[in-house]
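So this block is data36.cif, mmCIF, C-alpha atoms:
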```
data_structure
#
loop_
_atom_site.label_atom_id
_atom_site.label_comp_id
_atom_site.auth_asym_id
_atom_site.auth_seq_id
_atom_site.Cartn_x
_atom_site.Cartn_y
_atom_site.Cartn_z
CA MET C 1 21.03 -11.68 6.83
CA THR C 2 22.86 -9.09 4.75
CA PHE C 3 21.09 -6.17 3.14
CA GLU C 4 21.72 -7.62 -0.31
CA GLU C 5 20.10 -10.93 0.68
CA TYR C 6 17.13 -9.12 2.19
CA ALA C 7 16.67 -6.84 -0.82
CA PHE C 8 16.93 -9.76 -3.27
CA ALA C 9 14.41 -11.85 -1.32
CA ARG C 10 11.87 -9.13 -0.44
CA THR C 11 11.93 -6.47 -3.18
CA ALA C 12 9.11 -8.04 -5.23
CA ALA C 13 6.84 -8.30 -2.16
CA LEU C 14 7.69 -4.74 -1.10
CA VAL C 15 6.90 -3.40 -4.59
CA ARG C 16 3.58 -5.29 -4.59
CA PHE C 17 2.73 -3.84 -1.18
CA ALA C 18 3.74 -0.33 -2.25
CA ARG C 19 1.73 -0.64 -5.48
CA LEU C 20 -1.35 -1.51 -3.47
CA LEU C 21 -0.74 1.46 -1.18
CA THR C 22 -0.09 3.96 -3.96
CA GLY C 23 -2.24 2.57 -6.77
CA ASP C 24 0.54 3.40 -9.22
CA GLU C 25 3.21 0.94 -10.33
CA HIS C 26 5.86 3.53 -11.09
CA ARG C 27 5.29 5.48 -7.88
CA ALA C 28 5.50 2.18 -5.98
CA GLU C 29 8.86 1.33 -7.54
CA ASP C 30 10.18 4.80 -6.67
CA LEU C 31 8.87 4.49 -3.12
CA VAL C 32 10.51 1.09 -2.59
CA GLN C 33 13.77 2.34 -4.07
CA ASP C 34 13.78 5.34 -1.73
CA VAL C 35 12.96 3.20 1.32
CA LEU C 36 15.56 0.56 0.48
CA ALA C 37 18.18 3.27 0.04
CA ARG C 38 17.34 4.64 3.50
CA ALA C 39 17.24 1.10 4.94
CA TYR C 40 20.67 0.35 3.50
CA ALA C 41 22.15 3.25 5.45
CA ARG C 42 20.60 1.89 8.68
CA TRP C 43 20.86 -1.83 7.95
CA GLY C 44 23.17 -2.57 10.88
CA ARG C 45 20.49 -1.41 13.30
CA ILE C 46 17.54 -2.78 11.31
CA SER C 47 19.03 -6.26 10.97
CA ARG C 48 19.45 -6.50 14.75
CA THR C 49 15.67 -6.20 15.27
CA ASP C 50 13.59 -9.35 15.61
CA ARG C 51 11.72 -8.73 12.37
CA PRO C 52 13.43 -6.42 9.89
CA ASP C 53 10.54 -6.87 7.44
CA VAL C 54 8.12 -5.16 9.83
CA TYR C 55 10.56 -2.26 10.19
CA VAL C 56 10.95 -1.86 6.41
CA ARG C 57 7.19 -2.12 5.81
CA ARG C 58 6.65 0.59 8.43
CA MET C 59 9.21 2.70 6.58
CA LEU C 60 7.17 2.16 3.37
CA VAL C 61 3.91 3.18 5.04
CA ASN C 62 5.51 6.27 6.57
CA ALA C 63 7.17 7.24 3.29
CA HIS C 64 3.85 6.85 1.46
CA HIS C 65 2.02 9.03 3.98
CA SER C 66 4.80 11.62 3.86
CA TRP C 67 4.55 11.71 0.07
CA TRP C 68 0.83 12.50 0.26
CA ARG C 69 1.42 15.21 2.86
CA ARG C 70 3.78 17.08 0.58
CA ARG C 71 1.76 19.22 -1.78
CA SER C 72 4.69 19.21 -4.19
CA SER C 73 3.66 15.66 -5.13
CA GLY C 74 1.55 16.85 -8.02
CA GLU C 75 2.33 13.86 -10.19
CA VAL C 76 -0.64 12.59 -12.15
CA SER C 77 -0.91 8.96 -13.15
CA VAL C 78 -2.16 8.19 -16.61
CA ALA C 79 -3.32 4.94 -18.13
CA ALA C 80 -0.79 3.00 -20.13
CA PRO C 81 -0.95 4.13 -23.77
CA GLY C 82 -0.94 0.61 -25.16
CA GLU C 83 -3.74 -1.28 -23.43
CA ARG C 84 -3.83 -4.97 -24.36
CA PRO C 85 -7.07 -6.31 -25.83
CA THR C 86 -8.88 -8.78 -23.56
CA THR C 87 -11.69 -11.26 -23.94
CA THR C 88 -15.14 -10.36 -22.63
CA ASP C 89 -14.83 -12.61 -19.56
CA GLU C 90 -11.52 -11.11 -18.59
CA ALA C 91 -12.82 -7.63 -19.33
CA ALA C 92 -15.70 -8.09 -16.90
CA GLU C 93 -13.31 -9.34 -14.23
CA VAL C 94 -10.95 -6.43 -14.80
CA ALA C 95 -13.83 -3.95 -14.69
CA GLU C 96 -15.08 -5.41 -11.42
CA ARG C 97 -11.58 -5.38 -9.90
CA ASP C 98 -11.03 -1.83 -11.13
CA ALA C 99 -14.31 -0.64 -9.64
CA LEU C 100 -13.45 -2.19 -6.29
CA TRP C 101 -9.92 -0.80 -6.39
CA ARG C 102 -11.29 2.70 -7.07
CA LEU C 103 -13.46 2.36 -3.99
CA VAL C 104 -10.44 1.28 -1.95
CA ARG C 105 -8.39 4.19 -3.34
CA ALA C 106 -11.08 6.65 -2.20
CA LEU C 107 -10.67 5.57 1.45
CA PRO C 108 -8.62 7.70 3.86
CA ALA C 109 -4.94 6.72 3.93
CA ARG C 110 -4.95 4.81 7.25
CA GLN C 111 -8.08 2.84 6.35
CA ARG C 112 -6.68 2.03 2.91
CA THR C 113 -3.40 0.91 4.48
CA VAL C 114 -5.20 -1.42 6.90
CA ILE C 115 -7.28 -2.92 4.06
CA VAL C 116 -4.18 -3.48 1.92
CA LEU C 117 -2.23 -5.07 4.76
CA ARG C 118 -5.13 -7.27 5.86
CA TYR C 119 -6.59 -8.46 2.56
CA TYR C 120 -3.80 -8.08 0.02
CA GLU C 121 -0.81 -8.86 2.25
CA ASP C 122 -2.78 -11.31 4.46
CA LEU C 123 -1.43 -9.99 7.76
CA ASP C 124 -3.17 -10.33 11.10
CA ASP C 125 -4.22 -7.40 13.28
CA ALA C 126 -1.22 -7.69 15.60
CA ARG C 127 1.26 -7.51 12.71
CA ILE C 128 -0.63 -4.60 11.12
CA ALA C 129 -0.63 -2.77 14.46
CA GLU C 130 3.10 -3.31 14.72
CA ILE C 131 3.68 -1.96 11.21
CA LEU C 132 1.43 1.08 11.75
CA ASP C 133 2.65 1.61 15.32
CA CYS C 134 -0.84 1.60 16.82
CA SER C 135 -3.04 -0.73 18.88
CA THR C 136 -4.90 -3.72 17.48
CA GLY C 137 -8.15 -2.00 18.47
CA THR C 138 -7.24 0.92 16.23
CA VAL C 139 -6.53 -1.50 13.38
CA ARG C 140 -9.93 -3.17 13.83
CA THR C 141 -11.65 0.24 13.98
CA HIS C 142 -9.98 1.36 10.74
CA ALA C 143 -10.90 -1.96 9.08
CA LYS C 144 -14.54 -1.75 10.25
CA ARG C 145 -14.93 1.83 9.06
CA ALA C 146 -13.26 1.04 5.75
CA LEU C 147 -15.44 -2.00 5.09
CA THR C 148 -18.57 -0.05 6.07
CA ALA C 149 -17.62 2.76 3.68
CA LEU C 150 -16.86 0.29 0.89
CA ARG C 151 -20.20 -1.47 1.34
CA GLU C 152 -22.12 1.82 1.39
CA ARG C 153 -20.36 3.21 -1.67
CA GLN C 154 -20.62 -0.03 -3.61
CA GLY C 155 -24.32 -0.41 -2.83
CA ALA C 156 -25.14 3.24 -3.53
CA GLY C 157 -23.15 3.46 -6.75
CA VAL C 158 -21.43 6.60 -5.46
CA PRO C 159 -19.04 8.14 -8.00
CA VAL C 160 -15.49 7.58 -6.86
CA THR C 161 -13.09 10.50 -6.67
CA THR C 162 -9.33 10.31 -6.49
CA PRO C 163 -7.46 11.70 -3.47
CA THR C 164 -6.79 14.87 -5.49
CA GLY C 165 -10.52 15.37 -5.96
CA GLY C 166 -10.87 14.43 -9.63
CA PHE C 167 -13.27 11.81 -10.90
CA ARG C 168 -11.94 8.53 -12.27
#
```
Produce structure tokens that represent the structure in this file.
Amino acid sequence: MTFEEYAFARTAALVRFARLLTGDEHRAEDLVQDVLARAYARWGRISRTDRPDVYVRRMLVNAHHSWWRRRSSGEVSVAAPGERPTTTDEAAEVAERDALWRLVRALPARQRTVIVLRYYEDLDDARIAEILDCSTGTVRTHAKRALTALRERQGAGVPVTTPTGGFR
């Protein structure tokens, strides 16, 4: 498979995955673009692996974690200026999804990554462990701790803060 074929077939899925990791559509697109540019330079080696998708997803996870480590990443996401009006049923669904997503966003990076890979990308523990370069036991531990934290916060109505410390 050529890089062009891979990029054409997988870019949408990679952007969706990155958006779930970052919580920001524009940051996700930038992240995928950066990772695909780096993957293009190494495509000869990446394409020889058994599963190039695992390699590229790992690159996305690592790039996302590196971005958070850099304190120069002081970008602040803002809501879209032109929100579309919704019906009351859809509004309740969106509010519920938003509340849950805020709880997920408040998790530590590794726990959030495991939750995104398991429940949004529908990957099993072995594949997640391969992407994160850890054991399946570590994946299960992160998932258990994340789900416990989500249940506690959702039941307690704890205010959710963003990773930068501000309230949302």
**Which residue of C:Val32, C:Val139, C:Ala109, C:Leu103 approaches Thr11 of chain C most closely, using all atoms listed in the file** = C:Val32
**Item:** Distance criterion (only C-alpha atoms): nearest to Trp43 of chain C out of C:Glu152, C:Glu29, C:Glu5, C:Glu130
**Value:**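 Answer, going by the shortest atom-to-atom distance: C:Glu5.
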**Message:** So the first atom is atom CA of Leu36 of chain C and the second is atom CA of Leu14 of chain C; what is the distance between them in Å, to one decimal place?
**Reply:**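 Going from atom CA of Leu36 of chain C over to atom CA of Leu14 of chain C, I get 9.6 Å.
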Report as AutoDock Vina command-line options the centre and the edge lengths, in Å to one decimal, of the axis-aligned box holding every listed atom of segment 6-18 of chain C, padded by 8 Å on each side.
```
--center_x 9.9 --center_y -6.1 --center_z -1.5 --size_x 30.4 --size_y 27.5 --size_z 23.4
```
**Item:** Atomic distance atom CA of His26 of chain C - atom CA of Leu132 of chain C, expressed in Å with one decimal
**Value:** 23.4 Å
**Prompt:** Taking all atoms listed in the file into account, which of C:Ala149, C:Ile131, C:Leu100, C:Ala156 comes nearest Asn62 of chain C?
**Reply:** C:Ile131
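Atom CA of Ala99 of chain C is positioned 28.8 Å from atom CA of Gln33 of chain C.
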**Fill in**
From the list C:His142, C:Phe17, C:Val35, C:His65, the nearest residue to Asp122 of chain C using all atoms listed in the file is C:Phe17
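Closest to Ala18 of chain C among C:Val114, C:Val54, C:Cys134, C:Val61 is C:Val61, based on all atoms listed in the file.
Taken over the whole file, the PyMOL selection byres ((chain C and resi 145) around 12) covers exactly Val104, Leu107, Pro108, Arg110, Gln111, Arg112, Val114, Ile115, Thr138, Val139, Arg140, Thr141, His142, Ala143, Lys144, Ala146, Leu147, Thr148, Ala149, Leu150, Arg151 and Glu152 of chain C.
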**Prompt:** Given the choices C:Leu20, C:Ala129, C:Ala28, C:Met1, which gets closest to Thr49 of chain C if the distance is worked out from only C-alpha atoms?
**Reply:** C:Met1
**Point (15.4, -3.4, 11.1), cut-off 12 Å, counting all atoms listed in the file, residues as an NGL selection string** = :C and (1-3 or 6 or 36 or 38-59 or 131)
